[in-house]
Each structure stands twice: as C-alpha cells, then as structure tokens.
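Quick look at data15.json (JSON, C-alpha atoms):
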[["chain", "number", "residue", "atom", "x", "y", "z"],
["V", 271, "MET", "CA", 9.81, -19.63, 9.85],
["V", 272, "ASN", "CA", 11.40, -16.47, 8.57],
["V", 273, "LEU", "CA", 8.42, -15.58, 6.39],
["V", 274, "SER", "CA", 6.22, -15.47, 9.48],
["V", 275, "LYS", "CA", 8.65, -13.08, 11.15],
["V", 276, "LEU", "CA", 8.75, -10.94, 8.03],
["V", 277, "LYS", "CA", 4.99, -10.97, 7.87],
["V", 278, "LEU", "CA", 4.80, -9.91, 11.53],
["V", 279, "ARG", "CA", 7.34, -7.13, 10.95],
["V", 280, "LEU", "CA", 5.40, -5.85, 7.95],
["V", 281, "GLU", "CA", 2.16, -5.86, 9.87],
["V", 282, "VAL", "CA", 3.73, -4.00, 12.79],
["V", 283, "ASN", "CA", 5.41, -1.45, 10.49],
["V", 284, "GLU", "CA", 2.23, -0.96, 8.55],
["V", 285, "ASP", "CA", 0.26, -0.33, 11.74],
["V", 286, "VAL", "CA", 2.89, 2.12, 13.03],
["V", 287, "TYR", "CA", 3.01, 3.90, 9.69],
["V", 288, "ARG", "CA", -0.75, 4.10, 9.52],
["V", 289, "GLU", "CA", -0.97, 5.29, 13.13],
["V", 290, "GLU", "CA", 1.62, 8.04, 12.52],
["V", 291, "ILE", "CA", -0.21, 9.30, 9.46],
["V", 292, "VAL", "CA", -3.54, 9.31, 11.20],
["V", 293, "ILE", "CA", -2.17, 11.07, 14.31],
["V", 294, "ARG", "CA", -0.34, 13.69, 12.22],
["V", 295, "LEU", "CA", -3.33, 14.39, 10.03],
["V", 296, "TRP", "CA", -5.77, 14.44, 12.91],
["V", 297, "TYR", "CA", -3.48, 16.86, 14.70],
["V", 298, "ASP", "CA", -3.40, 19.16, 11.65],
["V", 299, "TYR", "CA", -7.12, 18.81, 11.22],
["V", 300, "CYS", "CA", -7.81, 19.65, 14.89],
["V", 301, "VAL", "CA", -5.57, 22.72, 14.75],
["V", 302, "VAL", "CA", -7.32, 23.95, 11.63],
["V", 303, "MET", "CA", -10.71, 23.23, 13.14],
["V", 304, "MET", "CA", -9.79, 25.13, 16.29],
["V", 305, "ILE", "CA", -8.61, 28.14, 14.29],
["V", 306, "SER", "CA", -11.74, 27.96, 12.13],
["V", 307, "TYR", "CA", -13.94, 27.83, 15.19],
["V", 308, "LEU", "CA", -12.20, 30.83, 16.81],
["V", 309, "SER", "CA", -12.37, 32.76, 13.52],
["V", 310, "SER", "CA", -16.08, 31.94, 13.19],
["V", 311, "GLN", "CA", -16.64, 33.31, 16.65],
["V", 312, "SER", "CA", -14.64, 36.39, 15.71],
["V", 313, "ILE", "CA", -16.65, 36.95, 12.52],
["V", 314, "ASN", "CA", -19.89, 36.45, 14.37],
["V", 315, "SER", "CA", -19.00, 39.07, 16.97],
["V", 316, "GLU", "CA", -17.66, 41.47, 14.35],
["V", 317, "GLY", "CA", -20.85, 41.07, 12.32],
["V", 318, "GLU", "CA", -23.01, 41.63, 15.38],
["V", 319, "SER", "CA", -20.95, 44.67, 16.25],
["V", 320, "ILE", "CA", -21.68, 46.20, 12.84],
["V", 321, "VAL", "CA", -25.37, 45.36, 13.21],
["V", 322, "VAL", "CA", -25.37, 47.24, 16.53],
["V", 323, "GLN", "CA", -23.62, 50.10, 14.76],
["V", 324, "ALA", "CA", -26.35, 50.03, 12.13],
["V", 325, "LYS", "CA", -29.03, 50.26, 14.82],
["V", 326, "ASP", "CA", -27.25, 53.29, 16.28],
["V", 327, "ALA", "CA", -26.95, 54.79, 12.82],
["V", 328, "ARG", "CA", -30.67, 54.31, 12.28],
["V", 329, "THR", "CA", -31.28, 56.88, 15.04],
["V", 330, "GLU", "CA", -29.02, 59.33, 13.25],
["V", 331, "TYR", "CA", -30.39, 58.57, 9.78],
["V", 332, "SER", "CA", -33.97, 57.93, 10.80],
["V", 333, "LYS", "CA", -35.27, 59.15, 7.47],
["V", 334, "SER", "CA", -33.31, 56.63, 5.51],
["V", 335, "LYS", "CA", -35.03, 53.25, 5.25],
["V", 336, "ASP", "CA", -31.92, 51.96, 3.44],
["V", 337, "ILE", "CA", -30.27, 51.55, 6.83],
["V", 338, "ASP", "CA", -32.80, 48.75, 7.45],
["V", 339, "VAL", "CA", -31.93, 47.18, 4.11],
["V", 340, "PHE", "CA", -28.23, 47.48, 4.97],
["V", 341, "GLU", "CA", -28.75, 45.82, 8.35],
["V", 342, "SER", "CA", -30.86, 43.06, 6.81],
["V", 343, "ASP", "CA", -28.34, 42.41, 4.00],
["V", 344, "LEU", "CA", -25.50, 42.34, 6.52],
["V", 345, "LYS", "CA", -27.34, 39.78, 8.67],
["V", 346, "ASP", "CA", -28.09, 37.65, 5.61],
["V", 347, "MET", "CA", -24.43, 37.80, 4.56],
["V", 348, "MET", "CA", -23.29, 36.74, 8.03],
["V", 349, "GLN", "CA", -25.73, 33.83, 8.04],
["V", 350, "TYR", "CA", -24.44, 32.87, 4.61],
["V", 351, "VAL", "CA", -20.79, 32.95, 5.75],
["V", 352, "LEU", "CA", -21.55, 30.87, 8.84],
["V", 353, "ARG", "CA", -22.91, 28.11, 6.56],
["V", 354, "LEU", "CA", -19.29, 27.60, 5.47],
["V", 355, "GLY", "CA", -18.91, 25.25, 8.44],
["V", 356, "TYR", "CA", -21.08, 22.68, 6.66],
["V", 357, "VAL", "CA", -19.10, 22.73, 3.42],
["V", 358, "THR", "CA", -17.25, 19.49, 2.70],
["V", 359, "ASN", "CA", -15.44, 20.13, -0.60],
["V", 360, "ILE", "CA", -13.19, 22.76, -2.15],
["V", 361, "GLU", "CA", -15.48, 23.48, -5.14],
["V", 362, "GLU", "CA", -18.39, 24.38, -2.90],
["V", 363, "GLN", "CA", -16.10, 26.49, -0.74],
["V", 364, "GLU", "CA", -14.87, 28.44, -3.80],
["V", 365, "LYS", "CA", -18.42, 29.05, -5.03],
["V", 366, "MET", "CA", -19.40, 30.31, -1.60],
["V", 367, "PHE", "CA", -16.43, 32.67, -1.55],
["V", 368, "GLU", "CA", -17.40, 34.14, -4.94],
["V", 369, "LYS", "CA", -20.96, 34.68, -3.77],
["V", 370, "TYR", "CA", -19.77, 36.19, -0.49],
["V", 371, "GLN", "CA", -17.61, 38.71, -2.40],
["V", 372, "LYS", "CA", -20.64, 39.78, -4.44],
["V", 373, "LEU", "CA", -22.74, 40.17, -1.29],
["V", 374, "PHE", "CA", -20.00, 42.19, 0.39],
["V", 375, "VAL", "CA", -19.55, 44.52, -2.59],
["V", 376, "GLY", "CA", -23.34, 44.98, -2.72],
["V", 377, "ILE", "CA", -23.41, 45.98, 0.95],
["V", 378, "GLN", "CA", -20.48, 48.38, 0.46],
["V", 379, "GLU", "CA", -22.18, 50.02, -2.52],
["V", 380, "LEU", "CA", -25.47, 50.35, -0.65],
["V", 381, "ALA", "CA", -23.69, 52.13, 2.19],
["V", 382, "LYS", "CA", -21.79, 54.38, -0.21],
["V", 383, "GLU", "CA", -24.89, 55.31, -2.22],
["V", 384, "ASN", "CA", -26.71, 56.32, 0.92],
["V", 385, "GLY", "CA", -23.87, 58.24, 2.43],
["V", 386, "PHE", "CA", -23.25, 56.23, 5.59],
["V", 387, "TYR", "CA", -20.31, 54.16, 4.38],
["V", 388, "SER", "CA", -17.81, 56.18, 6.41],
["V", 389, "LEU", "CA", -19.63, 55.09, 9.58],
["V", 390, "PHE", "CA", -19.06, 51.41, 8.83],
["V", 391, "GLU", "CA", -15.93, 51.48, 6.72],
["V", 392, "ALA", "CA", -13.48, 50.33, 9.41],
["V", 393, "GLY", "CA", -15.83, 47.61, 10.69],
["V", 394, "LEU", "CA", -16.61, 46.35, 7.19],
["V", 395, "ILE", "CA", -12.93, 46.18, 6.22],
["V", 396, "GLN", "CA", -12.09, 44.28, 9.39],
["V", 397, "LEU", "CA", -15.04, 41.95, 8.85],
["V", 398, "ASN", "CA", -13.98, 41.30, 5.25],
["V", 399, "GLU", "CA", -10.42, 40.44, 6.34],
["V", 400, "SER", "CA", -11.73, 37.99, 8.95],
["V", 401, "VAL", "CA", -14.11, 36.36, 6.47],
["V", 402, "GLU", "CA", -11.36, 35.97, 3.87],
["V", 403, "GLN", "CA", -9.14, 34.44, 6.56],
["V", 404, "ILE", "CA", -11.79, 31.91, 7.53],
["V", 405, "PHE", "CA", -12.31, 30.95, 3.90],
["V", 406, "THR", "CA", -8.55, 30.32, 3.66],
["V", 407, "GLN", "CA", -8.59, 28.25, 6.85],
["V", 408, "LYS", "CA", -11.60, 26.32, 5.62],
["V", 409, "GLY", "CA", -9.60, 25.52, 2.48],
["V", 410, "SER", "CA", -6.74, 24.15, 4.63],
["V", 411, "GLU", "CA", -9.21, 22.11, 6.65],
["V", 412, "LEU", "CA", -10.69, 20.60, 3.49],
["V", 413, "VAL", "CA", -7.20, 19.79, 2.13],
["V", 414, "ALA", "CA", -6.26, 18.12, 5.45],
["V", 415, "LEU", "CA", -9.48, 16.10, 5.36],
["V", 416, "SER", "CA", -8.80, 15.09, 1.79],
["V", 417, "GLU", "CA", -5.23, 13.96, 2.67],
["V", 418, "LEU", "CA", -6.54, 12.04, 5.65],
["V", 419, "ALA", "CA", -9.02, 10.19, 3.45],
["V", 420, "SER", "CA", -6.37, 9.61, 0.77],
["V", 421, "ASP", "CA", -3.70, 8.23, 3.16],
["V", 422, "SER", "CA", -6.27, 6.09, 4.89],
["V", 423, "ALA", "CA", -7.26, 4.65, 1.51],
["V", 424, "ALA", "CA", -3.57, 4.01, 0.66],
["V", 425, "ALA", "CA", -3.03, 2.16, 3.96],
["V", 426, "ASP", "CA", -6.17, 0.09, 3.31],
["V", 427, "GLU", "CA", -4.90, -0.71, -0.19],
["V", 428, "ILE", "CA", -1.54, -1.93, 1.21],
["V", 429, "ARG", "CA", -3.38, -4.09, 3.74],
["V", 430, "VAL", "CA", -5.49, -5.70, 0.98],
["V", 431, "GLN", "CA", -2.39, -6.38, -1.15],
["V", 432, "LEU", "CA", -0.52, -7.88, 1.81],
["V", 433, "GLU", "CA", -3.45, -10.12, 2.71],
["V", 434, "ASP", "CA", -3.59, -11.29, -0.89],
["V", 435, "PHE", "CA", 0.18, -11.90, -0.85],
["V", 436, "TYR", "CA", -0.03, -13.93, 2.38],
["V", 437, "ILE", "CA", -2.76, -16.11, 0.86],
["V", 438, "THR", "CA", -0.51, -16.84, -2.13],
["V", 439, "GLU", "CA", 2.40, -17.46, 0.23],
["V", 440, "GLU", "CA", 0.32, -19.91, 2.28],
["V", 441, "GLU", "CA", -0.63, -21.73, -0.90],
["V", 442, "SER", "CA", 3.02, -21.95, -1.98],
["V", 443, "LEU", "CA", 3.95, -23.48, 1.37],
["V", 444, "SER", "CA", 1.03, -25.91, 1.43],
["V", 445, "LYS", "CA", 1.49, -29.59, 0.60],
["V", 446, "ASP", "CA", -0.97, -31.95, -1.02],
["V", 447, "ASP", "CA", 0.24, -35.50, -0.37],
["V", 448, "MET", "CA", -1.72, -36.79, -3.35],
["V", 449, "ASN", "CA", 0.20, -34.46, -5.72],
["V", 450, "VAL", "CA", 3.46, -35.67, -4.20],
["V", 451, "VAL", "CA", 2.53, -39.38, -4.47],
["V", 452, "MET", "CA", 1.44, -38.98, -8.08],
["V", 453, "PHE", "CA", 4.65, -37.19, -9.01],
["V", 454, "ILE", "CA", 6.78, -39.76, -7.21],
["V", 455, "GLN", "CA", 5.07, -42.46, -9.26],
["V", 456, "LYS", "CA", 5.78, -40.46, -12.41],
["V", 457, "LEU", "CA", 9.45, -40.12, -11.40],
["V", 458, "GLN", "CA", 9.73, -43.85, -10.72],
["V", 459, "GLN", "CA", 8.17, -44.64, -14.11],
["V", 460, "MET", "CA", 10.62, -42.31, -15.83],
["V", 461, "LYS", "CA", 13.57, -43.80, -13.96],
["V", 462, "GLU", "CA", 12.43, -47.20, -15.16],
["V", 463, "VAL", "CA", 12.08, -46.01, -18.78],
["V", 464, "TYR", "CA", 15.55, -44.45, -18.81],
["V", 465, "ARG", "CA", 17.27, -47.09, -16.67],
["V", 466, "SER", "CA", 19.31, -48.29, -19.58],
["V", 467, "LEU", "CA", 20.63, -44.77, -20.28],
["V", 468, "ARG", "CA", 24.19, -44.84, -18.95],
["V", 469, "GLN", "CA", 26.00, -42.18, -20.95],
["V", 470, "PRO", "CA", 25.14, -38.45, -21.48],
["V", 471, "ASP", "CA", 22.70, -38.02, -24.37],
["V", 472, "GLU", "CA", 21.44, -34.51, -25.12],
["V", 473, "THR", "CA", 18.36, -35.67, -27.01],
["V", 474, "LYS", "CA", 17.27, -37.98, -24.21],
["V", 475, "GLU", "CA", 17.99, -35.33, -21.56],
["V", 476, "ASN", "CA", 15.79, -32.80, -23.40],
["V", 477, "GLU", "CA", 13.12, -35.47, -23.61],
["V", 478, "ILE", "CA", 13.30, -36.06, -19.85],
["V", 479, "ARG", "CA", 13.11, -32.30, -19.15],
["V", 480, "LYS", "CA", 10.04, -31.98, -21.37],
["V", 481, "THR", "CA", 8.35, -34.99, -19.77],
["V", 482, "LEU", "CA", 8.96, -33.60, -16.26],
["V", 483, "LEU", "CA", 7.35, -30.28, -17.16],
["V", 484, "GLU", "CA", 4.45, -31.98, -18.90],
["V", 485, "ALA", "CA", 3.92, -34.06, -15.76],
["V", 486, "GLY", "CA", 3.26, -30.77, -13.89],
["V", 487, "LEU", "CA", 6.54, -30.17, -12.06],
["V", 488, "ASP", "CA", 6.01, -26.42, -12.41],
["V", 489, "GLU", "CA", 2.62, -26.65, -10.72],
["V", 490, "LEU", "CA", 3.98, -28.21, -7.54],
["V", 491, "THR", "CA", 4.39, -25.97, -4.48],
["V", 492, "LEU", "CA", 7.78, -25.29, -2.90],
["V", 493, "MET", "CA", 7.00, -27.73, -0.09],
["V", 494, "GLU", "CA", 5.93, -30.45, -2.53],
["V", 495, "ILE", "CA", 9.12, -30.05, -4.55],
["V", 496, "GLY", "CA", 11.07, -30.16, -1.27],
["V", 497, "VAL", "CA", 9.63, -33.61, -0.54],
["V", 498, "LEU", "CA", 10.74, -34.84, -3.95],
["V", 499, "TRP", "CA", 14.33, -33.87, -3.17],
["V", 500, "ASP", "CA", 14.43, -36.51, -0.45],
["V", 501, "ASN", "CA", 17.01, -39.27, -0.97],
["V", 502, "GLU", "CA", 14.30, -41.88, -0.49],
["V", 503, "VAL", "CA", 12.62, -40.53, -3.63],
["V", 504, "LEU", "CA", 15.58, -39.52, -5.76],
["V", 505, "GLY", "CA", 18.08, -42.16, -4.82],
["V", 506, "GLY", "CA", 21.78, -41.53, -5.27],
["V", 507, "LEU", "CA", 24.25, -40.49, -2.59],
["V", 508, "ARG", "CA", 22.90, -39.68, 0.86],
["V", 509, "LEU", "CA", 23.46, -36.44, 2.77],
["V", 510, "LEU", "CA", 26.43, -37.80, 4.70],
["V", 511, "ASP", "CA", 28.17, -38.40, 1.41],
["V", 512, "PHE", "CA", 27.93, -34.75, 0.36],
["V", 513, "PRO", "CA", 31.14, -32.82, 1.04],
["V", 514, "CYS", "CA", 29.73, -29.73, 2.85],
["Z", 142, "MET", "CA", 20.72, -32.01, 0.99],
["Z", 143, "LEU", "CA", 18.73, -29.56, -1.12],
["Z", 144, "ILE", "CA", 15.93, -29.64, 1.42],
["Z", 145, "LEU", "CA", 18.32, -28.76, 4.21],
["Z", 146, "CYS", "CA", 20.02, -26.02, 2.19],
["Z", 147, "ALA", "CA", 16.70, -24.45, 1.18],
["Z", 148, "ARG", "CA", 15.23, -24.63, 4.67],
["Z", 149, "GLU", "CA", 18.37, -23.36, 6.33],
["Z", 150, "LEU", "CA", 18.44, -20.40, 3.97],
["Z", 151, "MET", "CA", 14.78, -19.67, 4.62],
["Z", 152, "ALA", "CA", 15.23, -19.96, 8.38],
["Z", 153, "HIS", "CA", 18.40, -17.88, 8.54],
["Z", 154, "ASP", "CA", 17.49, -14.25, 9.19],
["Z", 155, "GLY", "CA", 20.71, -12.68, 7.97],
["Z", 156, "ASN", "CA", 20.73, -14.48, 4.65],
["Z", 157, "TYR", "CA", 17.08, -13.99, 3.82],
["Z", 158, "SER", "CA", 17.58, -10.90, 1.68],
["Z", 159, "ASP", "CA", 20.13, -12.86, -0.36],
["Z", 160, "PHE", "CA", 17.94, -15.92, -0.56],
["Z", 161, "ASN", "CA", 18.11, -16.22, -4.34],
["Z", 162, "SER", "CA", 21.87, -15.81, -4.59],
["Z", 163, "ASP", "CA", 22.40, -18.24, -1.68],
["Z", 164, "LEU", "CA", 20.08, -20.81, -3.21],
["Z", 165, "LYS", "CA", 21.80, -20.35, -6.56],
["Z", 166, "GLN", "CA", 25.16, -21.01, -4.89],
["Z", 167, "ALA", "CA", 23.78, -24.08, -3.10],
["Z", 168, "LYS", "CA", 22.37, -25.31, -6.39],
["Z", 169, "GLN", "CA", 25.68, -24.73, -8.13],
["Z", 170, "ASP", "CA", 27.60, -26.61, -5.41],
["Z", 171, "ILE", "CA", 25.27, -29.58, -5.70],
["Z", 172, "LEU", "CA", 25.23, -29.54, -9.49],
["Z", 173, "ASP", "CA", 29.03, -29.41, -9.58],
["Z", 174, "TYR", "CA", 29.08, -32.35, -7.21],
["Z", 175, "MET", "CA", 26.55, -34.31, -9.28],
["Z", 176, "THR", "CA", 28.42, -33.50, -12.49],
["Z", 177, "LEU", "CA", 31.62, -34.71, -10.87],
["Z", 178, "LYS", "CA", 29.93, -37.95, -9.82],
["Z", 179, "THR", "CA", 28.47, -38.56, -13.28],
["Z", 180, "GLN", "CA", 31.42, -37.51, -15.42],
["Z", 181, "PHE", "CA", 31.95, -41.09, -16.53],
["Z", 182, "GLY", "CA", 28.26, -41.85, -16.96],
["Z", 183, "TYR", "CA", 24.97, -42.08, -15.04],
["Z", 184, "THR", "CA", 26.18, -44.30, -12.24],
["Z", 185, "THR", "CA", 25.94, -42.52, -8.88],
["Z", 186, "TYR", "CA", 22.88, -40.63, -10.12],
["Z", 187, "ASP", "CA", 20.54, -41.73, -12.91],
["Z", 188, "ALA", "CA", 19.64, -39.48, -15.85],
["Z", 189, "VAL", "CA", 16.18, -38.56, -14.52],
["Z", 190, "THR", "CA", 17.61, -37.42, -11.16],
["Z", 191, "LEU", "CA", 20.36, -35.47, -12.86],
["Z", 192, "ILE", "CA", 17.80, -33.53, -14.93],
["Z", 193, "PHE", "CA", 15.16, -33.29, -12.21],
["Z", 194, "VAL", "CA", 17.35, -31.66, -9.52],
["Z", 195, "PRO", "CA", 18.55, -28.53, -11.39],
["Z", 196, "LEU", "CA", 15.21, -28.10, -13.12],
["Z", 197, "SER", "CA", 13.22, -28.26, -9.87],
["Z", 198, "VAL", "CA", 15.64, -25.91, -8.05],
["Z", 199, "GLU", "CA", 15.38, -23.45, -10.93],
["Z", 200, "LEU", "CA", 11.58, -23.55, -10.69],
["Z", 201, "CYS", "CA", 11.82, -22.90, -6.94],
["Z", 202, "GLU", "CA", 14.13, -19.92, -7.55],
["Z", 203, "ASN", "CA", 11.66, -18.46, -10.04],
["Z", 204, "LYS", "CA", 8.75, -18.90, -7.65],
["Z", 205, "HIS", "CA", 10.70, -17.20, -4.85],
["Z", 206, "SER", "CA", 11.76, -14.36, -7.14],
["Z", 207, "LYS", "CA", 8.15, -13.74, -8.08],
["Z", 208, "TYR", "CA", 7.04, -13.67, -4.43],
["Z", 209, "PHE", "CA", 9.80, -11.27, -3.43],
["Z", 210, "SER", "CA", 9.23, -8.98, -6.40],
["Z", 211, "ARG", "CA", 5.59, -8.84, -5.49],
["Z", 212, "LEU", "CA", 6.37, -8.19, -1.83],
["Z", 213, "LYS", "CA", 8.83, -5.43, -2.75],
["Z", 214, "SER", "CA", 6.26, -3.77, -5.01],
["Z", 215, "ILE", "CA", 3.77, -3.76, -2.14],
["Z", 216, "ILE", "CA", 6.09, -2.29, 0.50],
["Z", 217, "LYS", "CA", 8.06, 0.10, -1.76]]
Can the structure from this file be put into structure tokens for me?
Amino acid sequence: MNLSKLKLRLEVNEDVYREEIVIRLWYDYCVVMMISYLSSQSINSEGESIVVQAKDARTEYSKSKDIDVFESDLKDMMQYVLRLGYVTNIEEQEKMFEKYQKLFVGIQELAKENGFYSLFEAGLIQLNESVEQIFTQKGSELVALSELASDSAAADEIRVQLEDFYITEEESLSKDDMNVVMFIQKLQQMKEVYRSLRQPDETKENEIRKTLLEAGLDELTLMEIGVLWDNEVLGGLRLLDFPC
Amino acid sequence: MLILCARELMAHDGNYSDFNSDLKQAKQDILDYMTLKTQFGYTTYDAVTLIFVPLSVELCENKHSKYFSRLKSIIK
C-alpha cells in the first residue's frame, strides 16, 4: 500500500535528517573541543612561563616576599581557569569569567604596587588574551552542545509523533468483522423499513441520514466502510454496469 | 465501484497527494450516475443506499483529511 511506502520514506528521511544534524553538530563540537584543548595547553604553558619568570624575579627582588604571594596567586588563578573544562552551562561559564577578571586585576595590582609589574607585563597581557579566547571558545562549545541536545530532542519528538500517527493509521485501516456484520444488519433493517419509499422525500431522507449516523456510521474505520460499499451489501447496479 | 476507486487512488503513487480531490471527483461521478438512475424514483437504487453512499464517502474524505493534516503538521 502507498501509506506503507510513505511511512518508509518518512522514516528514511527522518533518519537521514537526524544523522546529518548529529554529524554536523558533532563536527562543530569536535572542532571547538580541539581548539579549546590546544588553547588550554597554551594557557598552561604561558602560566608556567610566568611562574618561572617569577622565580627568576625572586632572586632579583629577594627582599620582597610579595613575589611569593604573586607566584601563589598566579598559580591559583591558573588552576581556577583550568577548571573551565568541567563547566557544562553558559551561566557558570560567565560567573567564572567574572571571577577570573577580578583575580587577574588583583594580580596586576599586586605587581604594580610592588614595582615588578614591568617584568611581567608582556607575559600577563598575553596570558589574559589567551584566557579570554578560551572563555570565548568554551562559550561556543557550550552553545554547540546545547544545539546538539535541542536538535536531538526535536528528532525524538518527531519520532514519537510519527509512531503515534502510525498507530492511528493502523487503527483506521483495521477491520472488525463484528462491526461490519452489525452495520449490515442495520442497513438491511433500514432498507426494509423504507422499502415502500419510491419517490424523493426530503423529510424521509433526513431521517435516514440521522438514523445512519446514530447507528455509528462515523465510528466505522475506512476498511469497514469499504466493505459496506460492496454490491452484495448495497444492492443496485453492479460494477460492470457503471460507465467508467 | 467505490471500493475500487478508493483503493486505486490509495495505491496510485502519483495521485496520492491529490487523494481528496480525486476521491471527491470519484464520488461526484458516482453520485451523478446514481442521481441519473433515480431521477424517476428509487428504482435502481433504494433510498437508504442513495443516502448511505454519499454520506459514507464524505465521512471517509473527512477521516483522510484529518490524517493528512496531522501528517503534514508532523513533517512540516
């Protein structure tokens, strides 16, 4: 039957559509993840490089214990930024970015107050740019993940609706012989009642229409109605008599 | 005749998208024929058959329209 073919086509199209979405989004997600990973590595090495610079500076500024504080704060900030990898939603990512900015400004001010900012200025600026970049990339990653989840949910929703539709379709094409037999009996009874009606009569015709509906004609499936159209049931001219 | 028309329309790929209009045309052809055969009274077809056929075809059309509207809303 044509409906089966249509059903098959829909299923195939739906699978292809779903597959294309998933492949596209996974591709985007993987690219973002790869960039994020490389940026994380970059930040890590840049951070470590500044820590090494701080150790060197400690020799020069041996009297200043604030160098130790600077190094410690910098390490803490780097650890904090690297936790970004575990973030799974945009809100958390934004909060982390705000806190990072405060930590970074604090470190800058500490270096400026103690007179060794010029030593780290270039490294800190470069580090800040890399960190801001990774926050941006993390945002893209979270958006891609969100779209993936959303499209997957949409495809699942279509599948559920189609399954529901096919169940209804199956029901409409089903046939309960008992329903058919009972309706045939009802038709025969009505034919008997109105056998004497030979000329058009609007009142009687409305009465027949009402009786048919009350007998449950509307509740019959398409297949059941199809059986009732048979000449054996309806009577009248046979197929061969119809001028096709 | 109606059975064959309905099934042929359902089975015919090219006409499926126009199922309702095709079935309507088939119904009209048959109704015209039945009207012609009963113009001088309920002889070839009795009154119950004459009412039952268009009413049942109309119900089938409505059922099909509902299914296709639903299907279209799903795959839009």
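For the pair atom CA of V:Ile320 and atom CA of V:Gly393, the separation is 6.4 Å.
Of the residues under consideration (V:Asp447, V:Asp338, V:Asp488, V:Glu391), V:Asp488 shows the shortest atom-to-atom contact distance to chain Z when counting all atoms listed in the file.
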Nearest to chain Z by atom-to-atom distance, counting all atoms listed in the file, from V:Gln403, V:Thr473, V:Gln378, V:Gln431: V:Gln431
Distance query 10 Å from (-8.8, 16.8, 3.0) using all atoms listed in the file, result as a count of residues only: 18
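Of the residues under consideration (V:Val463, V:Val503, V:Leu490, V:Met347), V:Leu490 shows the shortest atom-to-atom contact distance to V:Ser442 when counting only C-alpha atoms.
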Interatomic distance, atom CA of V:Arg465 to atom CA of Z:Tyr174 (Å, one decimal): 21.1 Å
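Among Z:Ala167, Z:Ile192, Z:Leu172, Z:Leu177, the residue with the shortest atom-to-atom distance to chain V, counting only C-alpha atoms, is Z:Ile192.
Among the candidates V:Leu457, V:Glu441, V:Glu502, V:Gly486, the residue lying nearest to chain Z is V:Leu457 (atoms considered: only C-alpha atoms).
Close contacts of V:Tyr350, defined as residues with an atom at most 10 Å away when counting all atoms listed in the file, with chain neighbours fewer than 3 positions off set aside, comprise Leu344, Lys345, Asp346, Met347, Arg353, Leu354, Met366, Lys369, Tyr370 and Leu373 of chain V.
If you count all atoms listed in the file and ignore residues fewer than 3 places along the chain from Z:Cys201, what sits within 9 Å of it is V:Asp488, V:Thr491, V:Leu492, V:Ile495, Z:Leu196, Z:Ser197, Z:Val198, Z:Lys204, Z:His205, Z:Ser206.
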Selected residue of minimal separation from Z:Ser214 among V:Ile428, V:Glu318, V:Ile395, V:Ile478, counting only C-alpha atoms: V:Ile428
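The gap separating atom CA of V:Met348 from atom CA of V:Ser315 is 10.2 Å, in Å to one decimal.
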